[in-house]
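Text of my_file-v5.cif, listed as mmCIF, C-alpha atoms:
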data_data
loop_
_atom_site.label_atom_id
_atom_site.label_comp_id
_atom_site.auth_asym_id
_atom_site.auth_seq_id
_atom_site.Cartn_x
_atom_site.Cartn_y
_atom_site.Cartn_z
CA MET Z 1 -20.27 10.67 15.54
CA THR Z 2 -19.71 6.97 16.07
CA SER Z 3 -16.67 4.95 15.16
CA SER Z 4 -16.07 1.31 14.33
CA THR Z 5 -13.15 -0.96 15.15
CA ASP Z 6 -11.93 -4.24 13.76
CA SER Z 7 -8.76 -6.28 13.62
CA ALA Z 8 -7.13 -8.52 11.07
CA LYS Z 9 -3.91 -10.28 10.16
CA THR Z 10 -2.07 -9.60 6.93
CA ALA Z 11 -0.73 -12.47 4.90
CA HIS Z 12 3.01 -13.00 4.60
CA PRO Z 13 3.56 -14.71 1.25
CA GLY Z 14 7.08 -15.41 0.15
CA THR Z 15 8.95 -12.59 -1.54
CA PRO Z 16 11.10 -13.36 -4.59
CA LEU Z 17 14.75 -13.25 -3.57
CA SER Z 18 17.77 -11.91 -5.39
CA PRO Z 19 20.61 -14.29 -6.25
CA ALA Z 20 23.36 -14.54 -3.67
CA PRO Z 21 26.43 -12.41 -4.40
CA THR Z 22 29.56 -14.18 -5.58
CA GLY Z 23 33.21 -13.51 -4.83
CA PRO Z 24 35.60 -13.90 -1.91
CA ARG Z 25 33.74 -11.64 0.59
CA THR Z 26 30.51 -13.49 1.46
CA ASP Z 27 29.92 -11.26 4.51
CA VAL Z 28 29.67 -8.04 2.42
CA PRO Z 29 26.69 -7.34 0.12
CA LEU Z 30 27.52 -6.39 -3.44
CA GLY Z 31 26.16 -2.87 -3.10
CA ALA Z 32 28.21 -2.16 0.02
CA ARG Z 33 31.73 -3.13 -1.04
CA GLY Z 34 34.18 -0.32 -0.59
CA ASN Z 35 32.11 1.32 2.17
CA ASN Z 36 33.05 1.36 5.85
CA LEU Z 37 32.09 -1.49 8.15
CA ASP Z 38 29.35 0.48 9.91
CA THR Z 39 27.64 1.16 6.58
CA VAL Z 40 27.91 -2.53 5.70
CA ARG Z 41 26.45 -3.55 9.07
CA ARG Z 42 23.58 -1.07 8.72
CA HIS Z 43 22.85 -2.35 5.21
CA ASN Z 44 22.90 -5.98 6.34
CA LEU Z 45 20.68 -5.32 9.36
CA GLY Z 46 18.14 -3.63 7.10
CA THR Z 47 18.29 -6.47 4.60
CA VAL Z 48 17.59 -9.15 7.22
CA LEU Z 49 14.83 -7.14 8.89
CA GLY Z 50 13.25 -6.40 5.50
CA LEU Z 51 13.21 -10.09 4.58
CA VAL Z 52 11.28 -11.16 7.67
CA HIS Z 53 9.07 -8.06 7.65
CA ARG Z 54 7.97 -8.41 4.04
CA GLY Z 55 8.45 -12.12 3.51
CA GLY Z 56 7.26 -13.44 6.85
CA PRO Z 57 8.98 -15.71 9.38
CA ALA Z 58 12.13 -17.36 8.02
CA ALA Z 59 14.64 -19.86 9.34
CA ARG Z 60 18.18 -18.58 9.87
CA SER Z 61 19.31 -21.04 7.21
CA LYS Z 62 16.94 -19.45 4.69
CA LEU Z 63 18.23 -15.98 5.57
CA THR Z 64 21.77 -17.23 4.99
CA GLN Z 65 20.80 -18.59 1.59
CA SER Z 66 18.76 -15.51 0.63
CA THR Z 67 21.40 -12.92 1.51
CA GLY Z 68 24.59 -14.74 0.61
CA LEU Z 69 25.98 -13.90 4.06
CA ASN Z 70 27.66 -16.62 6.12
CA ARG Z 71 26.00 -18.31 9.10
CA SER Z 72 28.00 -16.52 11.77
CA THR Z 73 27.22 -13.12 10.23
CA ILE Z 74 23.50 -13.95 10.08
CA GLY Z 75 23.66 -15.13 13.69
CA ALA Z 76 25.23 -11.85 14.78
CA LEU Z 77 22.77 -9.74 12.79
CA VAL Z 78 19.76 -11.64 14.12
CA GLY Z 79 21.13 -11.35 17.66
CA GLU Z 80 21.44 -7.59 17.28
CA LEU Z 81 17.90 -7.31 15.89
CA VAL Z 82 16.63 -9.39 18.84
CA ASP Z 83 18.42 -7.05 21.26
CA LEU Z 84 16.81 -4.09 19.49
CA GLY Z 85 13.39 -5.69 19.99
CA LEU Z 86 12.73 -5.80 16.24
CA VAL Z 87 12.63 -9.57 15.72
CA VAL Z 88 11.97 -12.64 17.84
CA GLU Z 89 13.36 -16.14 17.47
CA SER Z 90 11.46 -19.36 18.03
CA GLU Z 91 12.04 -23.07 17.65
CA PRO Z 92 10.81 -24.54 14.36
CA GLY Z 93 8.07 -27.12 14.08
CA VAL Z 94 8.65 -30.84 13.66
CA SER Z 95 10.98 -31.60 10.75
CA ASN Z 96 12.23 -34.78 9.13
CA ARG Z 97 15.55 -33.15 8.26
CA VAL Z 98 18.73 -34.57 9.77
CA GLY Z 99 20.60 -32.33 12.20
CA ARG Z 100 19.64 -29.48 14.48
CA PRO Z 101 16.84 -27.39 12.96
CA SER Z 102 17.51 -23.71 12.36
CA PRO Z 103 15.69 -21.20 14.61
CA VAL Z 104 12.84 -19.25 12.97
CA VAL Z 105 13.16 -15.46 12.88
CA SER Z 106 9.99 -13.31 12.88
CA ALA Z 107 9.40 -9.58 12.84
CA SER Z 108 8.10 -8.29 16.16
CA ALA Z 109 4.39 -7.63 16.63
CA ASP Z 110 5.39 -5.39 19.55
CA VAL Z 111 6.79 -2.67 17.27
CA VAL Z 112 3.97 -0.75 15.62
CA ALA Z 113 3.16 2.12 13.29
CA ILE Z 114 0.06 4.31 13.23
CA ALA Z 115 -1.66 4.44 9.84
CA VAL Z 116 -3.99 7.27 8.78
CA ASN Z 117 -6.25 7.66 5.73
CA PRO Z 118 -8.38 10.82 5.40
CA GLU Z 119 -11.28 10.51 2.93
CA ILE Z 120 -14.20 12.73 1.97
CA ASP Z 121 -16.62 10.84 4.22
CA ALA Z 122 -14.48 9.43 7.03
CA ILE Z 123 -11.02 9.28 8.57
CA THR Z 124 -9.53 5.87 9.31
CA VAL Z 125 -6.76 5.27 11.84
CA GLY Z 126 -5.03 1.94 12.32
CA VAL Z 127 -2.27 0.36 14.41
CA VAL Z 128 -0.11 -2.05 12.40
CA GLY Z 129 2.64 -4.28 13.76
CA LEU Z 130 6.03 -4.79 12.15
CA ASP Z 131 4.98 -8.42 11.67
CA GLY Z 132 1.97 -7.31 9.59
CA THR Z 133 -0.69 -7.63 12.29
CA LEU Z 134 -3.47 -5.04 12.05
CA HIS Z 135 -4.04 -4.60 15.79
CA ARG Z 136 -6.70 -1.91 15.61
CA ARG Z 137 -8.68 -0.08 12.94
CA VAL Z 138 -10.97 2.83 13.80
CA ARG Z 139 -13.15 4.47 11.15
CA TYR Z 140 -14.49 7.90 12.18
CA PRO Z 141 -17.29 9.07 9.86
CA THR Z 142 -17.25 12.80 9.14
CA GLY Z 143 -20.34 13.24 6.94
CA HIS Z 144 -18.42 15.80 4.87
CA ALA Z 145 -14.96 16.41 3.43
CA PRO Z 146 -12.92 17.54 6.45
CA THR Z 147 -10.53 20.47 6.25
CA ALA Z 148 -6.88 19.74 6.97
CA ALA Z 149 -7.26 21.30 10.41
CA GLU Z 150 -10.37 19.21 11.15
CA ALA Z 151 -8.57 16.07 10.02
CA VAL Z 152 -5.67 16.81 12.36
CA THR Z 153 -8.09 17.33 15.26
CA ILE Z 154 -9.94 14.08 14.54
CA VAL Z 155 -6.79 11.99 14.08
CA SER Z 156 -5.31 13.44 17.28
CA ALA Z 157 -8.48 12.60 19.21
CA VAL Z 158 -8.56 9.04 17.88
CA ILE Z 159 -4.88 8.54 18.74
CA ASP Z 160 -5.51 9.93 22.24
CA GLY Z 161 -8.24 7.33 22.60
CA LEU Z 162 -5.80 4.63 21.50
CA ARG Z 163 -2.97 5.69 23.83
CA PRO Z 164 -3.78 3.06 26.50
CA ASP Z 165 -3.46 0.41 23.78
CA LEU Z 166 -0.33 2.03 22.31
CA ALA Z 167 1.28 2.01 25.75
CA THR Z 168 1.18 -1.80 25.74
CA PHE Z 169 3.54 -1.98 22.77
CA ALA Z 170 7.31 -1.76 23.10
CA ARG Z 171 7.66 0.93 20.46
CA VAL Z 172 5.61 3.20 18.21
CA VAL Z 173 7.78 4.21 15.24
CA GLY Z 174 5.52 7.01 14.00
CA ILE Z 175 2.63 7.83 11.70
CA GLY Z 176 2.18 7.08 8.02
CA VAL Z 177 -0.56 8.93 6.14
CA ALA Z 178 -2.22 7.78 2.90
CA VAL Z 179 -3.51 10.99 1.28
CA PRO Z 180 -5.93 10.98 -1.68
CA GLY Z 181 -3.95 13.62 -3.54
CA LEU Z 182 -0.54 14.98 -4.51
CA VAL Z 183 1.96 15.02 -1.67
CA ARG Z 184 5.31 16.77 -2.06
CA GLU Z 185 7.95 14.21 -1.22
CA ALA Z 186 10.43 16.70 0.22
CA ASP Z 187 8.28 18.01 3.08
CA GLY Z 188 4.93 16.21 3.05
CA VAL Z 189 2.91 19.25 1.98
CA VAL Z 190 -0.35 18.22 0.33
CA ARG Z 191 -0.16 20.23 -2.87
CA LEU Z 192 -3.60 19.17 -4.10
CA ALA Z 193 -6.25 16.80 -2.79
CA PRO Z 194 -9.11 17.94 -5.05
CA ASN Z 195 -11.95 15.97 -3.52
CA LEU Z 196 -10.93 17.06 -0.02
CA GLU Z 197 -10.43 20.61 -1.37
CA TRP Z 198 -6.97 20.78 0.18
CA VAL Z 199 -4.43 23.01 -1.57
CA ASP Z 200 -0.87 23.46 -0.27
CA GLU Z 201 -1.77 22.20 3.18
CA PRO Z 202 1.17 21.42 5.54
CA PHE Z 203 -0.84 18.49 6.88
CA THR Z 204 2.17 16.31 7.71
CA ALA Z 205 3.84 18.96 9.86
CA MET Z 206 0.52 19.85 11.50
CA LEU Z 207 -0.15 16.23 12.46
CA ALA Z 208 3.39 15.70 13.75
CA GLU Z 209 3.10 18.78 15.97
CA ALA Z 210 -0.33 17.78 17.26
CA THR Z 211 0.58 14.17 18.10
CA GLY Z 212 4.28 14.28 18.87
CA TYR Z 213 4.98 11.42 16.46
CA LEU Z 214 7.33 11.42 13.49
CA THR Z 215 4.92 11.68 10.54
CA ARG Z 216 5.34 10.89 6.84
CA SER Z 217 2.71 11.26 4.11
CA ALA Z 218 2.36 10.04 0.53
CA ASN Z 219 -0.27 9.46 -2.12
CA ASP Z 220 -2.75 6.76 -1.10
CA ALA Z 221 -2.66 4.83 -4.39
CA ALA Z 222 1.14 4.84 -4.42
CA LEU Z 223 1.09 3.33 -0.93
CA GLY Z 224 -1.54 0.85 -2.07
CA ALA Z 225 0.80 -0.21 -4.86
CA THR Z 226 3.57 -0.80 -2.34
CA ALA Z 227 1.28 -2.81 -0.06
CA GLU Z 228 0.03 -5.05 -2.87
CA ARG Z 229 3.58 -5.40 -4.22
CA TYR Z 230 4.92 -6.82 -0.97
CA PHE Z 231 1.92 -8.42 0.72
CA GLY Z 232 -0.87 -8.91 -1.83
CA ALA Z 233 -1.67 -9.71 -5.43
CA GLY Z 234 1.57 -8.19 -6.76
CA ARG Z 235 4.07 -10.04 -4.59
CA ALA Z 236 5.48 -11.96 -7.57
CA ALA Z 237 5.52 -8.94 -9.91
CA TYR Z 238 8.31 -6.41 -10.35
CA ASP Z 239 6.45 -4.23 -12.88
CA LEU Z 240 2.88 -3.42 -11.93
CA VAL Z 241 0.28 -0.69 -11.96
CA TYR Z 242 -2.13 -0.44 -9.03
CA ILE Z 243 -5.37 1.49 -9.63
CA ASN Z 244 -7.61 2.27 -6.69
CA GLY Z 245 -11.18 3.53 -6.62
CA GLY Z 246 -12.58 5.07 -3.47
CA ALA Z 247 -14.87 7.75 -2.11
CA SER Z 248 -12.28 10.41 -2.96
CA GLY Z 249 -11.80 9.34 -6.57
CA VAL Z 250 -9.43 7.19 -8.61
CA GLY Z 251 -5.69 7.07 -8.08
CA ALA Z 252 -2.81 4.90 -9.21
CA GLY Z 253 0.65 3.81 -8.20
CA VAL Z 254 3.30 2.37 -10.47
CA ILE Z 255 6.09 -0.09 -9.63
CA VAL Z 256 8.94 -0.32 -12.16
CA ASN Z 257 11.54 -3.07 -11.78
CA GLY Z 258 10.52 -3.47 -8.14
CA ASP Z 259 10.78 0.21 -7.22
CA PRO Z 260 8.02 2.86 -6.89
CA LEU Z 261 7.83 5.37 -9.72
CA THR Z 262 7.62 8.71 -7.92
CA GLY Z 263 8.58 11.42 -10.38
CA ILE Z 264 10.77 14.42 -9.55
CA SER Z 265 8.52 15.64 -6.69
CA GLY Z 266 6.53 12.51 -5.85
CA TYR Z 267 3.48 13.13 -8.05
CA ALA Z 268 3.82 10.33 -10.63
CA GLY Z 269 1.01 7.90 -11.40
CA GLU Z 270 -2.05 10.17 -11.42
CA LEU Z 271 -4.10 8.03 -13.82
CA GLY Z 272 -7.29 9.31 -12.20
CA HIS Z 273 -6.65 12.66 -13.86
CA THR Z 274 -5.85 11.38 -17.33
CA LEU Z 275 -8.28 12.05 -20.19
CA VAL Z 276 -10.78 9.31 -21.03
CA ASN Z 277 -13.68 11.38 -22.43
CA SER Z 278 -13.04 14.59 -24.36
CA ASN Z 279 -16.80 15.33 -24.19
CA GLY Z 280 -16.97 14.73 -20.46
CA VAL Z 281 -17.62 16.95 -17.47
CA ARG Z 282 -15.23 19.19 -15.57
CA CYS Z 283 -13.26 17.48 -12.83
CA HIS Z 284 -12.39 18.87 -9.39
CA CYS Z 285 -8.86 19.32 -10.71
CA GLY Z 286 -10.12 21.73 -13.38
CA ALA Z 287 -9.68 19.49 -16.44
CA ILE Z 288 -12.40 17.96 -18.63
CA GLY Z 289 -13.14 14.25 -18.88
CA CYS Z 290 -10.80 12.80 -16.25
CA LEU Z 291 -11.05 9.09 -15.48
CA GLU Z 292 -12.49 9.74 -12.02
CA THR Z 293 -15.36 11.83 -13.45
CA GLU Z 294 -16.49 8.85 -15.54
CA VAL Z 295 -15.60 6.01 -13.19
CA SER Z 296 -16.84 6.85 -9.72
CA GLN Z 297 -18.03 5.11 -6.60
CA ALA Z 298 -20.79 7.70 -6.12
CA SER Z 299 -22.32 6.93 -9.53
CA LEU Z 300 -22.20 3.22 -8.87
CA LEU Z 301 -23.79 3.57 -5.43
CA GLY Z 302 -26.43 5.89 -6.91
CA VAL Z 303 -27.64 3.35 -9.46
CA LEU Z 304 -27.67 0.70 -6.71
CA GLY Z 305 -29.72 2.96 -4.44
CA LEU Z 306 -27.08 2.99 -1.70
CA ALA Z 307 -25.74 5.94 0.27
CA SER Z 308 -22.50 4.15 1.15
CA ALA Z 309 -20.98 0.66 1.15
CA ASP Z 310 -17.70 -1.03 1.99
CA SER Z 311 -16.12 -3.43 -0.48
CA ASP Z 312 -17.94 -6.50 0.84
CA GLU Z 313 -21.32 -4.73 0.79
CA LEU Z 314 -20.67 -3.45 -2.72
CA ASP Z 315 -19.82 -6.96 -3.93
CA ARG Z 316 -23.11 -8.27 -2.58
CA ALA Z 317 -25.12 -5.37 -3.97
CA LEU Z 318 -23.62 -5.74 -7.45
CA ALA Z 319 -24.19 -9.48 -7.46
CA ALA Z 320 -27.80 -9.02 -6.44
CA SER Z 321 -28.53 -6.26 -8.98
CA ALA Z 322 -26.28 -7.10 -11.93
CA HIS Z 323 -29.26 -8.15 -14.07
CA ASP Z 324 -31.08 -4.87 -13.49
CA PRO Z 325 -30.78 -3.05 -16.86
CA ALA Z 326 -29.82 0.28 -15.28
CA VAL Z 327 -27.15 -1.34 -13.10
CA ALA Z 328 -25.81 -3.43 -15.98
CA GLU Z 329 -25.59 -0.33 -18.19
CA GLU Z 330 -23.68 1.63 -15.55
CA ILE Z 331 -21.27 -1.26 -14.95
CA ASP Z 332 -20.60 -1.52 -18.69
CA ARG Z 333 -20.16 2.25 -19.05
CA GLN Z 334 -17.66 2.46 -16.21
CA LEU Z 335 -15.72 -0.57 -17.43
CA ARG Z 336 -15.38 0.94 -20.91
CA PHE Z 337 -13.86 4.16 -19.54
CA LEU Z 338 -11.68 2.24 -17.10
CA ALA Z 339 -10.39 0.18 -20.02
CA VAL Z 340 -9.26 3.38 -21.77
CA ALA Z 341 -7.07 4.31 -18.80
CA MET Z 342 -5.79 0.75 -18.45
CA ARG Z 343 -4.97 0.67 -22.17
CA ASN Z 344 -2.92 3.83 -21.74
CA ALA Z 345 -1.16 2.40 -18.68
CA THR Z 346 -0.40 -0.78 -20.62
CA ASN Z 347 1.06 1.10 -23.57
CA VAL Z 348 3.08 3.54 -21.42
CA PHE Z 349 4.41 1.23 -18.67
CA ASN Z 350 4.24 -2.27 -20.23
CA PRO Z 351 3.41 -3.79 -16.82
CA GLN Z 352 3.35 -7.45 -15.93
CA LEU Z 353 0.25 -6.89 -13.81
CA ILE Z 354 -2.50 -4.34 -13.22
CA VAL Z 355 -4.08 -4.61 -9.76
CA LEU Z 356 -7.52 -3.11 -9.15
CA GLY Z 357 -8.53 -2.00 -5.66
CA GLY Z 358 -11.54 -0.48 -3.94
CA PHE Z 359 -14.75 -0.37 -5.95
CA LEU Z 360 -12.73 -1.01 -9.14
CA GLY Z 361 -12.06 -4.49 -7.81
CA ALA Z 362 -15.80 -5.01 -7.39
CA LEU Z 363 -16.42 -3.84 -10.98
CA TYR Z 364 -13.77 -6.25 -12.24
CA GLN Z 365 -15.19 -9.13 -10.21
CA ILE Z 366 -18.77 -8.70 -11.45
CA ALA Z 367 -17.84 -8.88 -15.14
CA PRO Z 368 -15.20 -11.61 -15.54
CA GLY Z 369 -13.10 -11.27 -18.69
CA ARG Z 370 -14.67 -7.96 -19.75
CA LEU Z 371 -11.63 -5.77 -19.08
CA GLU Z 372 -9.27 -8.33 -20.57
CA ARG Z 373 -11.24 -8.30 -23.82
CA LEU Z 374 -11.49 -4.51 -23.95
CA ILE Z 375 -7.78 -4.04 -23.39
CA ALA Z 376 -6.85 -6.78 -25.86
CA ASP Z 377 -8.89 -4.90 -28.49
CA GLN Z 378 -7.30 -1.51 -27.73
CA ALA Z 379 -3.75 -1.85 -26.37
CA LEU Z 380 -0.66 -2.41 -28.47
CA LYS Z 381 -0.41 -6.15 -28.93
CA ALA Z 382 3.25 -6.33 -27.96
CA SER Z 383 2.67 -4.31 -24.77
CA GLY Z 384 -0.40 -6.25 -23.65
CA GLU Z 385 0.42 -9.82 -24.64
CA THR Z 386 1.89 -10.70 -21.22
CA LEU Z 387 -0.42 -8.49 -19.14
CA ALA Z 388 -2.39 -9.97 -16.25
CA ILE Z 389 -5.19 -8.27 -14.30
CA ALA Z 390 -5.99 -9.07 -10.68
CA ARG Z 391 -8.13 -7.77 -7.88
CA ALA Z 392 -6.34 -6.38 -4.84
CA GLU Z 393 -6.03 -8.97 -2.08
CA LEU Z 394 -5.69 -6.81 1.03
CA GLY Z 395 -9.22 -5.40 0.96
CA SER Z 396 -10.01 -2.85 3.66
CA ARG Z 397 -6.55 -3.39 5.22
CA LEU Z 398 -4.73 -2.16 2.13
CA LEU Z 399 -4.22 1.52 2.93
CA MET Z 400 -3.51 0.75 6.58
CA VAL Z 401 -0.74 -1.63 5.51
CA GLY Z 402 0.54 0.83 2.88
CA ALA Z 403 0.59 3.81 5.24
CA ALA Z 404 2.31 1.73 7.93
CA GLU Z 405 4.95 0.72 5.40
CA LEU Z 406 5.71 4.40 4.89
CA ALA Z 407 6.16 4.86 8.65
CA PHE Z 408 8.36 1.75 8.89
CA GLY Z 409 10.62 3.04 6.10
CA PRO Z 410 13.31 4.73 8.28
CA LEU Z 411 13.40 1.71 10.59
CA LEU Z 412 13.91 -0.73 7.70
CA ALA Z 413 16.64 1.49 6.24
CA ASP Z 414 18.55 1.79 9.52
CA PRO Z 415 17.26 -0.60 12.22
CA ALA Z 416 19.84 0.41 14.82
CA GLY Z 417 19.70 4.14 14.24
CA ALA Z 418 16.09 4.96 13.33
#

Could you write out this file's structure as structure tokens?
Amino acid sequence: MTSSTDSAKTAHPGTPLSPAPTGPRTDVPLGARGNNLDTVRRHNLGTVLGLVHRGGPAARSKLTQSTGLNRSTIGALVGELVDLGLVVESEPGVSNRVGRPSPVVSASADVVAIAVNPEIDAITVGVVGLDGTLHRRVRYPTGHAPTAAEAVTIVSAVIDGLRPDLATFARVVGIGVAVPGLVREADGVVRLAPNLEWVDEPFTAMLAEATGYLTRSANDAALGATAERYFGAGRAAYDLVYINGGASGVGAGVIVNGDPLTGISGYAGELGHTLVNSNGVRCHCGAIGCLETEVSQASLLGVLGLASADSDELDRALAASAHDPAVAEEIDRQLRFLAVAMRNATNVFNPQLIVLGGFLGALYQIAPGRLERLIADQALKASGETLAIARAELGSRLLMVGAAELAFGPLLADPAGA
């Protein structure tokens, strides 16, 4: 089999900031009062690192304003993060402001995570920097849905091939895996990935043992929601639903008040397996008429006469063939069933934004306004009156960024101890 590599840089748009805490103790965050000083320090280190990781480079003065901490505390925290190799400081550009300009703090590109996404036709492995740089991306076609054991073997081989590159970085924090299925939050067991035909596979533990890296796994669409929330189309939204369409089906992730909705075991957000057609066909999951049986990449590629296509190729193919009656009919059919699921998501979650990724983004792009009209006709008026719909911005980088974010989680929670 052959593999392909590419590289890219993720955007670092500004992240909305919480108001500064008030009261006599400006060096202690509101949530940490009453705790010991080490807990406070750990919290503050994570807060500062999170701001520059997810919001991009920031002047010390901006970090002071954003956190409500005083300048000397920010200076000490930044100094510790520099010593840990997690951030770098640089002189700012030319400014017309009076006085000495504040140094700019950036997350380090030299600290990286390995991102993994197994699909039914390929396994993708990426190397993502703490600063958002996608250093490497390798797509290994499989030609079939790999077993969990095969996926571990392939990922291990790709990582072995990347080890000379990985050795050039100061630190590899671990592996994050975006799985197209239900992943038990407690131990990373893949309870069900229907299109991969994985049931109760201890994939996370298997991969950790094979590679020697700390490994964490989660649902791919949930990780996509996190990636778009912080770095893409959803960066200004605190309540959003992300729906992704890929070779392995349709999945979704939900963000409520800025936090992921996980459910008791981590399985929340499975819109791909909600009913949209009671007269439909049986899904891999065993139910009838699931969203992903009616809205599928395979059906779209079939009517276009393509065996496979990435998002850019699909955009071009749809644009070139949109006036073909068979293609137009399939686009309309899939959009109507997608609208049913989006109506349900609108009524249940009342989101500010629904973000569409993968081939769903291409469907949305080819028929401007179609989904908005369908949902306006079907959803509760009060729930849908402030709804916006957008295409995912991260493109092919999305699941690499999302999986890396999972791997970076322990580091962001405890920069000095992770």

Carefully work through the PyMOL selection byres ((chain Z and resi 317) around 12) for this structure and note down the residues it includes, as a VMD selection string. chain Z and resid 300 to 306 308 to 316 318 to 324 327 359 362 to 363 366

What's around region 277-285 of chain Z at 12 Å? Count only C-alpha atoms, leave out sequence neighbours fewer than 2 positions away in its own chain, and write the answer as a short mmCIF file (atom, residue, chain, number, x, y, z; two decimals) with C-alpha atoms, keeping the file's coordinate frame.
data_model
loop_
_atom_site.label_atom_id
_atom_site.label_comp_id
_atom_site.auth_asym_id
_atom_site.auth_seq_id
_atom_site.Cartn_x
_atom_site.Cartn_y
_atom_site.Cartn_z
CA GLY Z 181 -3.95 13.62 -3.54
CA LEU Z 182 -0.54 14.98 -4.51
CA ARG Z 191 -0.16 20.23 -2.87
CA LEU Z 192 -3.60 19.17 -4.10
CA ALA Z 193 -6.25 16.80 -2.79
CA PRO Z 194 -9.11 17.94 -5.05
CA ASN Z 195 -11.95 15.97 -3.52
CA LEU Z 196 -10.93 17.06 -0.02
CA GLU Z 197 -10.43 20.61 -1.37
CA TRP Z 198 -6.97 20.78 0.18
CA VAL Z 199 -4.43 23.01 -1.57
CA SER Z 248 -12.28 10.41 -2.96
CA GLY Z 249 -11.80 9.34 -6.57
CA VAL Z 250 -9.43 7.19 -8.61
CA GLU Z 270 -2.05 10.17 -11.42
CA GLY Z 272 -7.29 9.31 -12.20
CA HIS Z 273 -6.65 12.66 -13.86
CA THR Z 274 -5.85 11.38 -17.33
CA LEU Z 275 -8.28 12.05 -20.19
CA ALA Z 287 -9.68 19.49 -16.44
CA ILE Z 288 -12.40 17.96 -18.63
CA GLY Z 289 -13.14 14.25 -18.88
CA CYS Z 290 -10.80 12.80 -16.25
CA LEU Z 291 -11.05 9.09 -15.48
CA GLU Z 292 -12.49 9.74 -12.02
CA THR Z 293 -15.36 11.83 -13.45
CA GLU Z 294 -16.49 8.85 -15.54
CA VAL Z 295 -15.60 6.01 -13.19
CA SER Z 296 -16.84 6.85 -9.72
CA ARG Z 333 -20.16 2.25 -19.05
CA GLN Z 334 -17.66 2.46 -16.21
CA ARG Z 336 -15.38 0.94 -20.91
CA PHE Z 337 -13.86 4.16 -19.54
CA LEU Z 338 -11.68 2.24 -17.10
CA ALA Z 339 -10.39 0.18 -20.02
CA VAL Z 340 -9.26 3.38 -21.77
CA ALA Z 341 -7.07 4.31 -18.80
#

Return the single residue from Z:Val152, Z:Ala59, Z:Ala122, Z:Val52 that is closest to Pro103 (chain Z), with distances computed using only C-alpha atoms.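 Smallest separation from Pro103 (chain Z) among the options: Z:Ala59.
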
Point-to-point distance from CA of Ala76 (chain Z) to CA of Phe169 (chain Z), Å rounded to tenths: 25.1 Å

Smallest atom-to-atom distance to Ala390 (chain Z): which of Z:Arg216, Z:Arg235, Z:Arg171, Z:Arg71, using all atoms listed in the file?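 Going through Z:Arg216, Z:Arg235, Z:Arg171, Z:Arg71 one by one, the smallest distance to Ala390 (chain Z) is for Z:Arg235.
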
Calculated over only C-alpha atoms, which of the candidates Z:Ala392, Z:Val355, Z:Ala109, Z:Ala208 has the smallest distance to Thr153 (chain Z)?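 Among the listed residues, Z:Ala208 lies closest to Thr153 (chain Z).
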
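Evaluating the PyMOL selection byres ((chain Z and resi 367-382) around 9) against the shown model yields Ile331, Asp332, Leu335, Arg336, Leu338, Ala339, Val340, Met342, Arg343, Asn344, Thr346, Asn347, Asn350, Ala362, Leu363, Tyr364, Gln365, Ile366, Ser383, Gly384, Glu385, Thr386, Leu387, Ala388 and Ile389 of chain Z.
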
Output C-alpha atoms for every residue in the selection just made, as a tab-separated table (two decimals), in the coordinates of the input.
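Contents of the output file out-v3.tsv:
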chain	number	residue	atom	x	y	z
Z	331	ILE	CA	-21.27	-1.26	-14.95
Z	332	ASP	CA	-20.60	-1.52	-18.69
Z	335	LEU	CA	-15.72	-0.57	-17.43
Z	336	ARG	CA	-15.38	0.94	-20.91
Z	338	LEU	CA	-11.68	2.24	-17.10
Z	339	ALA	CA	-10.39	0.18	-20.02
Z	340	VAL	CA	-9.26	3.38	-21.77
Z	342	MET	CA	-5.79	0.75	-18.45
Z	343	ARG	CA	-4.97	0.67	-22.17
Z	344	ASN	CA	-2.92	3.83	-21.74
Z	346	THR	CA	-0.40	-0.78	-20.62
Z	347	ASN	CA	1.06	1.10	-23.57
Z	350	ASN	CA	4.24	-2.27	-20.23
Z	362	ALA	CA	-15.80	-5.01	-7.39
Z	363	LEU	CA	-16.42	-3.84	-10.98
Z	364	TYR	CA	-13.77	-6.25	-12.24
Z	365	GLN	CA	-15.19	-9.13	-10.21
Z	366	ILE	CA	-18.77	-8.70	-11.45
Z	383	SER	CA	2.67	-4.31	-24.77
Z	384	GLY	CA	-0.40	-6.25	-23.65
Z	385	GLU	CA	0.42	-9.82	-24.64
Z	386	THR	CA	1.89	-10.70	-21.22
Z	387	LEU	CA	-0.42	-8.49	-19.14
Z	388	ALA	CA	-2.39	-9.97	-16.25
Z	389	ILE	CA	-5.19	-8.27	-14.30
